[in-house]
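Raw contents of upload_35.cif, mmCIF, C-alpha atoms:
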data_entry
loop_
_atom_site.label_atom_id
_atom_site.label_comp_id
_atom_site.auth_asym_id
_atom_site.auth_seq_id
_atom_site.Cartn_x
_atom_site.Cartn_y
_atom_site.Cartn_z
CA THR A 172 116.70 158.43 165.11
CA ARG A 173 119.05 155.93 163.49
CA VAL A 174 121.96 157.21 165.61
CA PHE A 175 119.82 156.96 168.75
CA CYS A 176 118.86 153.35 167.94
CA MET A 177 122.46 152.43 167.33
CA LEU A 178 123.50 153.96 170.65
CA LEU A 179 120.66 152.12 172.38
CA VAL A 180 121.77 148.78 170.90
CA LEU A 181 125.38 149.51 171.88
CA CYS A 182 124.32 150.27 175.47
CA VAL A 183 122.39 146.99 175.67
CA LEU A 184 125.36 145.02 174.37
CA LEU A 185 127.76 146.68 176.79
CA SER A 186 125.44 146.25 179.74
CA SER A 187 125.14 142.53 178.98
CA CYS A 188 128.81 142.17 179.83
CA THR A 189 128.31 143.30 183.42
CA GLY A 190 124.59 142.89 184.00
CA ALA A 191 122.66 140.43 186.15
CA ALA A 192 123.12 137.54 183.68
CA PRO A 193 126.75 137.70 182.51
CA PHE A 194 128.15 135.39 179.86
CA GLN A 195 129.72 132.30 181.45
CA ASN A 196 133.23 131.44 180.30
CA GLU A 197 132.54 127.80 181.09
CA GLU A 198 130.30 127.72 178.03
CA LEU A 199 133.47 127.90 175.94
CA LEU A 200 134.87 124.82 177.68
CA ARG A 201 131.96 122.50 176.98
CA PRO A 202 132.97 119.50 174.82
CA PRO A 203 131.48 119.11 171.35
CA ARG A 204 128.01 117.59 171.09
CA LEU A 205 128.26 113.79 171.21
CA THR A 206 127.47 111.70 168.16
CA GLU A 207 124.82 109.01 168.47
CA GLU A 208 127.48 106.32 168.84
CA GLN A 209 129.34 108.32 171.49
CA ARG A 210 126.08 108.85 173.37
CA GLU A 211 125.53 105.08 173.36
CA ILE A 212 129.04 104.59 174.73
CA GLU A 213 128.49 107.23 177.40
CA ASN A 214 125.25 105.55 178.49
CA ALA A 215 126.99 102.17 178.67
CA LEU A 216 129.73 103.74 180.78
CA ILE A 217 127.20 105.42 183.09
CA ALA A 218 125.45 102.07 183.57
CA SER A 219 128.73 100.33 184.42
CA VAL A 220 129.86 102.88 187.05
CA ASN A 221 126.32 103.56 188.32
CA SER A 222 126.86 107.30 188.21
CA GLU A 223 125.85 110.10 185.86
CA ASN A 224 128.47 112.49 187.27
CA LEU A 225 131.26 111.69 184.85
CA THR A 226 134.06 114.02 183.83
CA PHE A 227 135.84 112.97 180.68
CA LYS A 228 139.64 113.34 180.51
CA TYR A 229 141.36 114.24 177.26
CA PRO A 230 144.93 113.22 176.26
CA LYS A 231 147.11 116.34 176.04
CA SER A 232 149.22 115.32 173.04
CA GLY A 233 149.62 112.76 170.30
CA GLU A 234 147.29 111.60 167.54
CA HIS A 235 144.47 110.56 169.88
CA ARG A 236 143.12 113.56 171.81
CA SER A 237 139.40 112.77 171.92
CA ALA A 238 137.50 111.58 175.00
CA PHE A 239 136.40 108.62 172.84
CA ILE A 240 139.23 106.68 171.20
CA PHE A 241 138.47 103.85 168.77
CA GLN A 242 140.94 101.07 168.01
CA ASP A 243 140.93 97.31 167.49
CA ILE A 244 142.86 96.16 170.55
CA ASP A 245 141.97 92.45 170.58
CA GLY A 246 142.58 91.49 166.95
CA ASP A 247 138.94 90.73 166.08
CA SER A 248 138.84 93.32 163.26
CA GLN A 249 136.24 95.35 165.24
CA ASP A 250 137.09 98.60 166.99
CA GLU A 251 136.76 98.82 170.74
CA ALA A 252 136.34 102.19 172.48
CA LEU A 253 138.60 103.65 175.18
CA VAL A 254 137.36 106.37 177.52
CA PHE A 255 139.21 108.19 180.31
CA TYR A 256 136.98 109.59 183.04
CA MET A 257 136.60 110.65 186.65
CA THR A 258 133.59 110.41 188.96
CA ASN A 259 132.64 112.57 191.93
CA ALA A 260 133.13 109.53 194.16
CA SER A 261 136.88 109.23 193.51
CA ASP A 262 139.97 111.33 192.86
CA SER A 263 141.33 108.73 190.45
CA THR A 264 141.19 108.81 186.68
CA PHE A 265 139.99 105.58 185.12
CA LEU A 266 140.56 103.98 181.74
CA SER A 267 137.52 102.04 180.59
CA VAL A 268 137.36 99.74 177.59
CA LEU A 269 133.98 99.36 175.90
CA ASP A 270 133.10 96.52 173.57
CA ARG A 271 130.07 95.41 171.59
CA MET A 272 127.73 92.57 172.49
CA PRO A 273 126.56 90.19 169.74
CA ASP A 274 123.48 92.39 169.22
CA GLY A 275 125.73 95.40 168.58
CA LYS A 276 125.06 97.20 171.87
CA TRP A 277 127.98 98.78 173.71
CA TYR A 278 128.94 97.62 177.20
CA SER A 279 131.87 98.22 179.54
CA PRO A 280 133.56 94.96 180.55
CA TYR A 281 136.45 96.50 182.47
CA ALA A 282 137.98 99.70 183.84
CA ILE A 283 141.33 100.29 185.49
CA GLY A 284 142.60 103.17 187.62
CA GLY A 285 145.59 105.16 186.45
CA PRO A 286 148.70 105.86 188.55
CA GLU A 287 148.22 109.62 188.06
CA GLY A 288 145.26 111.94 187.44
CA ASN A 289 146.03 113.38 184.00
CA VAL A 290 146.47 111.72 180.60
CA GLU A 291 149.48 112.85 178.55
CA PHE A 292 149.05 110.65 175.48
CA VAL A 293 147.63 107.41 174.12
CA GLU A 294 149.45 105.30 171.53
CA PHE A 295 148.94 101.81 170.12
CA ALA A 296 151.75 99.41 169.29
CA PRO A 297 152.18 95.60 168.99
CA MET A 298 154.29 95.20 172.13
CA THR A 299 153.37 91.60 173.05
CA ASP A 300 151.67 90.10 169.98
CA PRO A 301 152.18 91.08 166.32
CA SER A 302 148.50 90.35 165.58
CA ARG A 303 147.04 93.00 167.90
CA TYR A 304 147.78 96.37 169.46
CA ASP A 305 148.68 97.03 173.07
CA ILE A 306 147.78 100.36 174.70
CA LEU A 307 150.51 102.78 175.79
CA VAL A 308 149.31 105.54 178.13
CA GLY A 309 151.32 108.42 179.51
CA TRP A 310 150.00 109.53 182.90
CA SER A 311 150.98 112.71 184.77
CA ASP A 312 150.25 114.44 188.05
CA VAL A 313 148.59 117.85 188.35
CA SER A 314 151.90 119.71 187.96
CA GLY A 315 152.88 117.72 184.88
CA GLN A 316 156.31 117.12 186.38
CA GLN A 317 155.76 113.49 187.37
CA LYS A 318 155.05 111.43 184.26
CA ARG A 319 154.71 107.65 184.11
CA LEU A 320 154.14 105.37 181.15
CA ALA A 321 151.99 102.24 181.39
CA ILE A 322 151.32 99.44 178.89
CA TYR A 323 147.99 97.59 178.88
CA SER A 324 146.73 94.55 176.95
CA TYR A 325 143.03 93.83 176.47
CA LEU A 326 142.81 90.09 177.09
CA ASN A 327 139.73 88.00 177.87
CA GLY A 328 137.64 91.05 178.67
CA ARG A 329 140.22 92.58 181.03
CA LEU A 330 142.91 95.26 180.88
CA GLU A 331 146.22 93.88 182.10
CA ASN A 332 149.36 95.83 183.02
CA ARG A 333 152.23 94.44 180.93
CA LEU A 334 155.29 96.24 182.31
CA LYS A 335 156.92 93.88 184.79
CA ASP A 336 157.69 96.57 187.37
CA GLY A 337 154.60 98.68 186.68
CA PRO A 338 154.40 102.16 185.12
CA GLN A 339 157.81 103.70 184.41
CA SER A 340 158.91 107.31 184.87
CA TYR A 341 159.69 109.04 181.60
CA GLU A 342 160.25 112.39 179.94
CA THR A 343 160.22 111.20 176.33
CA TYR A 344 159.41 107.84 174.78
CA LEU A 345 159.61 105.90 171.52
CA ALA A 346 157.75 102.70 170.60
CA ALA A 347 159.24 101.11 167.48
CA ASP A 348 160.38 97.79 166.07
CA LEU A 349 164.14 98.01 166.45
CA ASP A 350 165.04 94.48 165.36
CA GLY A 351 162.54 93.51 162.64
CA ASP A 352 160.60 90.89 164.62
CA GLN A 353 157.22 92.67 164.17
CA LEU A 354 157.10 93.57 167.87
CA SER A 355 157.78 97.08 169.13
CA GLU A 356 160.41 97.82 171.71
CA LEU A 357 159.99 100.72 174.14
CA ALA A 358 162.71 103.33 174.58
CA LEU A 359 162.31 105.74 177.49
CA ILE A 360 164.33 108.81 178.42
CA SER A 361 164.10 109.64 182.11
CA ILE A 362 165.59 112.25 184.43
CA ASP A 363 167.31 111.52 187.72
CA ARG A 364 165.73 114.17 189.93
CA ASP A 365 168.75 114.30 192.25
CA ASP A 366 171.47 115.24 189.77
CA ARG A 367 169.29 116.09 186.71
CA SER A 368 171.08 113.46 184.61
CA HIS A 369 169.25 111.93 181.62
CA TRP A 370 169.11 108.19 181.03
CA LEU A 371 168.03 105.98 178.14
CA HIS A 372 166.17 102.76 179.00
CA LEU A 373 165.01 99.98 176.68
CA PHE A 374 162.18 97.51 177.32
CA ALA A 375 160.86 94.55 175.29
CA TYR A 376 158.50 91.60 175.60
CA ASN A 377 160.22 88.50 176.99
CA GLY A 378 157.42 86.03 176.33
CA PHE A 379 155.64 86.76 179.60
CA THR A 380 155.85 90.48 180.32
CA VAL A 381 157.50 93.68 179.08
CA ASP A 382 160.81 93.89 180.91
CA VAL A 383 164.23 95.54 180.74
CA TYR A 384 165.80 94.62 177.41
CA ALA A 385 169.22 96.26 177.62
CA ASN A 386 171.48 98.17 179.96
CA ASP A 387 170.54 101.72 180.97
CA VAL A 388 172.89 104.31 179.50
CA ALA A 389 173.59 107.88 180.55
CA LEU A 390 173.15 110.60 177.96
CA SER A 391 175.22 113.78 177.70
CA ASP A 392 176.19 115.34 181.03
CA TYR A 393 175.08 118.73 179.73
CA MET A 394 171.71 117.63 178.36
CA MET A 395 168.86 119.90 179.46
CA GLY A 396 166.04 118.24 177.56
CA CYS A 397 165.07 116.19 174.53
CA ALA A 398 164.06 117.92 171.28
CA GLY A 399 163.23 114.70 169.46
CA ILE A 400 163.61 110.91 169.36
CA ILE A 401 163.14 108.75 166.27
CA SER A 402 164.23 105.35 164.98
CA GLY A 403 165.35 104.26 161.52
CA ARG A 404 168.12 102.71 159.48
CA ILE A 405 171.64 104.03 159.94
CA SER A 406 172.57 104.18 156.25
CA GLN A 407 172.15 102.42 152.91
CA THR A 408 174.98 100.05 153.77
CA ASP A 409 174.16 99.55 157.47
CA PRO A 410 171.01 97.47 158.10
CA ARG A 411 170.90 98.22 161.82
CA ILE A 412 168.05 100.26 163.26
CA GLY A 413 169.25 103.17 165.37
CA ILE A 414 167.65 105.34 168.03
CA PHE A 415 168.40 108.97 167.14
CA ILE A 416 168.15 111.37 170.09
CA ASP A 417 168.34 115.16 169.63
CA GLU A 418 169.56 116.63 172.90
CA ILE A 419 169.09 120.22 174.05
CA LEU A 420 172.33 121.72 175.39
CA GLU A 421 171.49 125.30 176.38
CA ASP A 422 170.99 127.04 173.01
CA THR A 423 172.32 124.21 170.84
CA LEU A 424 171.26 120.75 169.69
CA VAL A 425 173.46 117.64 169.57
CA THR A 426 172.58 114.16 168.31
CA GLU A 427 173.43 110.79 169.84
CA VAL A 428 172.68 107.52 168.02
CA PHE A 429 172.27 104.14 169.73
CA VAL A 430 171.83 100.60 168.47
CA CYS A 431 170.92 97.57 170.55
CA GLU A 432 173.34 94.64 170.20
CA ARG A 433 173.85 91.24 171.75
CA PRO A 434 177.21 89.89 172.92
CA SER A 435 178.93 87.74 170.32
CA GLY A 436 177.74 84.14 170.31
CA GLU A 437 174.34 84.92 171.84
CA ASP A 438 171.45 83.69 169.70
CA ASN A 439 168.33 84.28 171.79
CA ARG A 440 167.48 87.92 171.26
CA ARG A 441 165.04 87.99 174.21
CA SER A 442 167.54 86.65 176.75
CA ALA A 443 169.30 88.96 179.17
CA GLY A 444 172.58 90.63 178.33
CA LYS A 445 171.76 93.02 175.48
CA PHE A 446 173.52 96.35 175.53
CA LEU A 447 172.98 99.77 173.96
CA ARG A 448 175.94 101.04 171.95
CA ASN A 449 176.44 104.73 171.18
CA ILE A 450 177.71 104.48 167.63
CA ILE A 451 178.38 108.21 167.26
CA TRP A 452 181.10 107.90 169.89
CA GLU A 453 182.31 104.34 169.50
CA ASP A 454 181.88 103.31 165.87
CA MET A 455 181.94 106.60 164.05
CA SER A 456 184.84 108.51 165.57
CA ASP A 457 187.02 108.69 162.46
CA LEU A 458 187.53 111.73 160.27
CA SER A 459 184.45 113.37 158.80
CA GLU A 460 184.43 115.31 155.54
CA ASP A 461 184.03 118.46 157.64
CA SER A 462 186.93 117.69 159.98
CA PRO A 463 190.24 119.51 159.70
CA ALA A 464 193.06 117.67 157.99
CA ASP A 465 195.41 117.60 160.97
CA GLY A 466 194.13 114.29 162.32
CA ALA A 467 191.26 115.48 164.48
CA GLY A 468 188.38 113.06 164.71
CA SER A 469 189.61 110.60 167.33
CA LEU A 470 187.56 110.28 170.50
CA GLU A 471 190.31 111.60 172.78
CA ASP A 472 193.63 113.30 172.27
CA ASP A 473 196.88 112.51 174.10
CA SER A 474 195.75 114.42 177.20
CA GLY A 475 192.55 112.40 177.45
CA GLU A 476 190.36 115.38 176.53
CA ILE A 477 187.38 114.86 174.21
CA ASN A 478 188.36 115.99 170.73
CA ALA A 479 186.15 118.78 169.38
CA PHE A 480 185.82 117.13 165.96
CA THR A 481 184.30 113.76 166.79
CA LEU A 482 181.13 113.07 164.82
CA TYR A 483 179.15 113.76 167.97
CA GLU A 484 180.51 117.30 168.08
CA LEU A 485 179.93 117.73 164.36
CA THR A 486 176.20 117.29 164.96
CA ARG A 487 176.20 120.35 167.23
CA ARG A 488 174.06 123.11 165.72
CA SER A 489 171.89 126.07 166.66
CA GLY A 490 168.84 125.34 168.76
CA ASN A 491 166.74 126.72 165.90
CA THR A 492 167.95 123.99 163.55
CA ASP A 493 165.80 121.04 162.52
CA ILE A 494 165.78 117.68 164.34
CA CYS A 495 166.56 114.24 162.93
CA ARG A 496 163.97 112.85 160.52
CA ASP A 497 163.48 110.64 157.46
CA LEU A 498 163.17 113.32 154.81
CA ASN A 499 162.52 111.18 151.74
CA GLY A 500 160.71 108.17 153.23
CA ASP A 501 163.47 105.64 152.50
CA GLY A 502 163.70 104.52 156.13
CA ILE A 503 167.14 106.10 156.65
CA ILE A 504 167.35 108.89 159.20
CA GLU A 505 169.00 112.16 158.24
CA ILE A 506 170.95 114.14 160.87
CA PRO A 507 170.83 117.92 160.34
CA THR A 508 173.89 120.06 160.91
CA GLY A 509 173.94 123.81 160.59
CA ARG A 510 176.26 126.75 160.38
CA LEU A 511 175.76 130.47 159.89
CA MET A 512 175.95 131.57 156.27
CA PRO A 513 178.96 133.79 155.49
CA GLY A 514 178.18 137.49 155.84
CA TYR A 515 175.39 137.07 158.40
CA GLU A 516 177.57 137.16 161.52
CA ASP A 517 176.56 140.73 162.46
CA TYR A 518 172.84 140.38 161.71
CA ASP A 519 170.21 140.19 164.42
CA ALA A 520 169.32 136.62 165.36
CA ALA A 521 165.90 136.90 163.69
CA ASP A 522 167.54 137.87 160.39
CA GLN A 523 170.40 135.39 160.34
CA ILE A 524 170.35 132.61 157.76
CA TYR A 525 171.86 129.19 158.43
CA LEU A 526 173.04 126.57 155.97
CA THR A 527 171.42 123.35 157.14
CA GLN A 528 172.88 120.14 155.76
CA TYR A 529 171.13 116.81 156.27
CA LYS A 530 173.60 113.95 156.60
CA HIS A 531 173.78 110.17 156.87
CA LEU A 532 176.15 108.17 159.02
CA GLN A 533 178.17 106.26 156.42
CA ASN A 534 181.70 104.97 156.07
CA ASN A 535 182.66 106.31 159.50
CA ALA A 536 181.70 109.82 158.42
CA LEU A 537 178.78 112.21 158.07
CA GLY A 538 177.86 112.18 154.39
CA ASN A 539 175.84 115.08 152.98
CA VAL A 540 172.42 114.25 151.53
CA TYR A 541 170.50 117.55 151.29
CA SER A 542 171.30 121.20 151.88
CA ALA A 543 169.00 124.13 152.55
CA ALA A 544 169.32 127.79 153.58
CA ILE A 545 166.97 128.36 156.53
CA ASN A 546 166.12 131.54 158.44
#
So, in terms of structure tokens, how does the structure I just supplied come out?
Amino acid sequence: TRVFCMLLVLCVLLSSCTGAAPFQNEELLRPPRLTEEQREIENALIASVNSENLTFKYPKSGEHRSAFIFQDIDGDSQDEALVFYMTNASDSTFLSVLDRMPDGKWYSPYAIGGPEGNVEFVEFAPMTDPSRYDILVGWSDVSGQQKRLAIYSYLNGRLENRLKDGPQSYETYLAADLDGDQLSELALISIDRDDRSHWLHLFAYNGFTVDVYANDVALSDYMMGCAGIISGRISQTDPRIGIFIDEILEDTLVTEVFVCERPSGEDNRRSAGKFLRNIIWEDMSDLSEDSPADGAGSLEDDSGEINAFTLYELTRRSGNTDICRDLNGDGIIEIPTGRLMPGYEDYDAADQIYLTQYKHLQNNALGNVYSAAIN
């Protein structure tokens, strides 16, 4: 009898998979139940758009991936709410800001349409005023191939676009204070779709809008993608803030480091004429501790060919190696280099062990800071 009952239960369970009322996969895709505060925000949003057919959009990456994002964006010490949504009346995705009335009730003072339908990320940075955050939004099309970054300020109950020429195409971005003025600059890496070349662009607030801050520079001709981008001090003796870019070159990684400088004699840092300098190539091309002793280390040899032992080439390592980071929190960025440990040349790739050395740019060389054996 017990066996019969078990078989009967098994038959019922199996039949429920193909019966008249099958389980709906969409149930798995339903968002979590809203909190009371989120429900109040949703109701305020519904009232503002006069539609109950809302579809919330979720950022794909970054720290803020909820449909409801809370942040103080006007400097009043009270969080506002940001919501991305679509309605059945439009193909556009909208960004709505919701604020509180004096009685504490939520309302939606403003919404703005995005340049694309999907949301890649949301980040907050003081781009135009050190006392409040601006909103950085990465937008993308359905394919994810066309990505554009926009900057918005919440001013006087409105969302305002702050980039002078509108949303900018990008593949990778970095928002960071590169000059110590308490305002973030924006570094973008973009791809020229015609020749697949990669370019670094730098934008900053000029007192009116966020505009081009320095010349555009081409990255490595062989770059296939960006593994990481980070900013930090160059070394203990160099106070400049660098942009460290880990480039993907087929199955290897190489690092380029840029600083933003002004021509000599120029005092106004927000005026035109800044330029990005690649200090790996230009400033740091002397001998490294790992260079051979025959004089290699100069940028070019007598034939004009790039020398294989410039510091740029010494950052070349396996694609499985780590990317640049501040390992000990001192604000100085370490550059990892790696080489196969002796005796592991004939091992399968999964079993090979690399010696990874984390280095600083110092005294025109790559100085070792940490070492680790990594599989």
List the residues selected by the PyMOL selection byres ((chain A and resi 345) around 10) in the file shown, writing them as number ranges by chain.
A: 343-344, 346-348, 355-360, 373, 399-402, 414
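The space separating atom CA of Cys397 of chain A from atom CA of Tyr341 of chain A comes to 11.4 Å.
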Could you check how far atom CA of Pro230 of chain A sits from atom CA of Asn332 of chain A, in Å to one decimal?
19.2 Å
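The shortest atom-to-atom distance to Ala321 of chain A, with all atoms listed in the file taken into account, belongs to A:Phe374 out of A:Tyr483, A:Phe374, A:Tyr541, A:Trp277.
Evaluated against this file, the PyMOL selection byres ((chain A and resi 533) around 9) yields Ile405, Ser406, Gln407, Thr408, Asp409, Met455, Lys530, His531, Leu532, Asn534, Asn535, Ala536, Leu537 and Gly538 of chain A.
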Of A:Asn499, A:Gln316, A:Asn221, A:Thr426, the one sitting nearest Leu485 of chain A when using only C-alpha atoms is A:Thr426
I'd like the neighbourhood of Gly246 of chain A as a tab-separated table (two decimals) with C-alpha atoms, in the frame of the given file, where a residue qualifies if any of its atoms comes within 10 Å (using all atoms listed in the file), though same-chain residues fewer than 6 positions away should be ignored.
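The resulting file, part27.tsv, is shown below:
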chain	number	residue	atom	x	y	z
A	300	ASP	CA	151.67	90.10	169.98
A	301	PRO	CA	152.18	91.08	166.32
A	302	SER	CA	148.50	90.35	165.58
A	303	ARG	CA	147.04	93.00	167.90
A	304	TYR	CA	147.78	96.37	169.46
A	325	TYR	CA	143.03	93.83	176.47
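Comparing the minimum interatomic distances between His372 of chain A and each of A:Ile419, A:Ile450, A:Val254, A:Cys431, counting all atoms listed in the file, we find that A:Cys431 sits nearest.
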Residues within 6 Å of segment 279-291 of chain A, all atoms listed in the file, excluding chain neighbours under 3 positions, as a count of residues only
15
Evaluating the PyMOL selection byres ((chain A and resi 492-496) around 10) on the displayed file yields which residues, as a PDB file with C-alpha atoms, in the coordinates of the input?
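Everything below was put into part.pdb:
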ATOM      1  CA  ALA A 398     164.060 117.920 171.280  1.00  0.00           C
ATOM      2  CA  GLY A 399     163.230 114.700 169.460  1.00  0.00           C
ATOM      3  CA  ILE A 400     163.610 110.910 169.360  1.00  0.00           C
ATOM      4  CA  ILE A 401     163.140 108.750 166.270  1.00  0.00           C
ATOM      5  CA  SER A 402     164.230 105.350 164.980  1.00  0.00           C
ATOM      6  CA  GLY A 403     165.350 104.260 161.520  1.00  0.00           C
ATOM      7  CA  PHE A 415     168.400 108.970 167.140  1.00  0.00           C
ATOM      8  CA  ILE A 416     168.150 111.370 170.090  1.00  0.00           C
ATOM      9  CA  ASP A 417     168.340 115.160 169.630  1.00  0.00           C
ATOM     10  CA  GLU A 418     169.560 116.630 172.900  1.00  0.00           C
ATOM     11  CA  THR A 423     172.320 124.210 170.840  1.00  0.00           C
ATOM     12  CA  LEU A 424     171.260 120.750 169.690  1.00  0.00           C
ATOM     13  CA  VAL A 425     173.460 117.640 169.570  1.00  0.00           C
ATOM     14  CA  THR A 426     172.580 114.160 168.310  1.00  0.00           C
ATOM     15  CA  ARG A 487     176.200 120.350 167.230  1.00  0.00           C
ATOM     16  CA  ARG A 488     174.060 123.110 165.720  1.00  0.00           C
ATOM     17  CA  SER A 489     171.890 126.070 166.660  1.00  0.00           C
ATOM     18  CA  GLY A 490     168.840 125.340 168.760  1.00  0.00           C
ATOM     19  CA  ASN A 491     166.740 126.720 165.900  1.00  0.00           C
ATOM     20  CA  ASP A 497     163.480 110.640 157.460  1.00  0.00           C
ATOM     21  CA  LEU A 498     163.170 113.320 154.810  1.00  0.00           C
ATOM     22  CA  ASN A 499     162.520 111.180 151.740  1.00  0.00           C
ATOM     23  CA  GLY A 500     160.710 108.170 153.230  1.00  0.00           C
ATOM     24  CA  GLY A 502     163.700 104.520 156.130  1.00  0.00           C
ATOM     25  CA  ILE A 503     167.140 106.100 156.650  1.00  0.00           C
ATOM     26  CA  ILE A 504     167.350 108.890 159.200  1.00  0.00           C
ATOM     27  CA  GLU A 505     169.000 112.160 158.240  1.00  0.00           C
ATOM     28  CA  ILE A 506     170.950 114.140 160.870  1.00  0.00           C
ATOM     29  CA  PRO A 507     170.830 117.920 160.340  1.00  0.00           C
ATOM     30  CA  THR A 508     173.890 120.060 160.910  1.00  0.00           C
ATOM     31  CA  GLY A 509     173.940 123.810 160.590  1.00  0.00           C
ATOM     32  CA  ARG A 510     176.260 126.750 160.380  1.00  0.00           C
ATOM     33  CA  TYR A 525     171.860 129.190 158.430  1.00  0.00           C
ATOM     34  CA  LEU A 526     173.040 126.570 155.970  1.00  0.00           C
ATOM     35  CA  THR A 527     171.420 123.350 157.140  1.00  0.00           C
ATOM     36  CA  GLN A 528     172.880 120.140 155.760  1.00  0.00           C
ATOM     37  CA  TYR A 529     171.130 116.810 156.270  1.00  0.00           C
ATOM     38  CA  LYS A 530     173.600 113.950 156.600  1.00  0.00           C
ATOM     39  CA  ILE A 545     166.970 128.360 156.530  1.00  0.00           C
ATOM     40  CA  ASN A 546     166.120 131.540 158.440  1.00  0.00           C
TER      41      ASN A 546
END
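Atom to atom, atom CA of Leu349 of chain A and atom CA of Arg448 of chain A stand 13.4 Å apart.
With distances restricted to all atoms listed in the file, A:Gln242 is the closest residue to Phe295 of chain A from A:Ser261, A:Asn386, A:Ser232, A:Gln242.
Among A:Asn224, A:Thr380, A:Asn449, A:Ser361, the residue with the shortest atom-to-atom distance to Ile322 of chain A, counting all atoms listed in the file, is A:Thr380.
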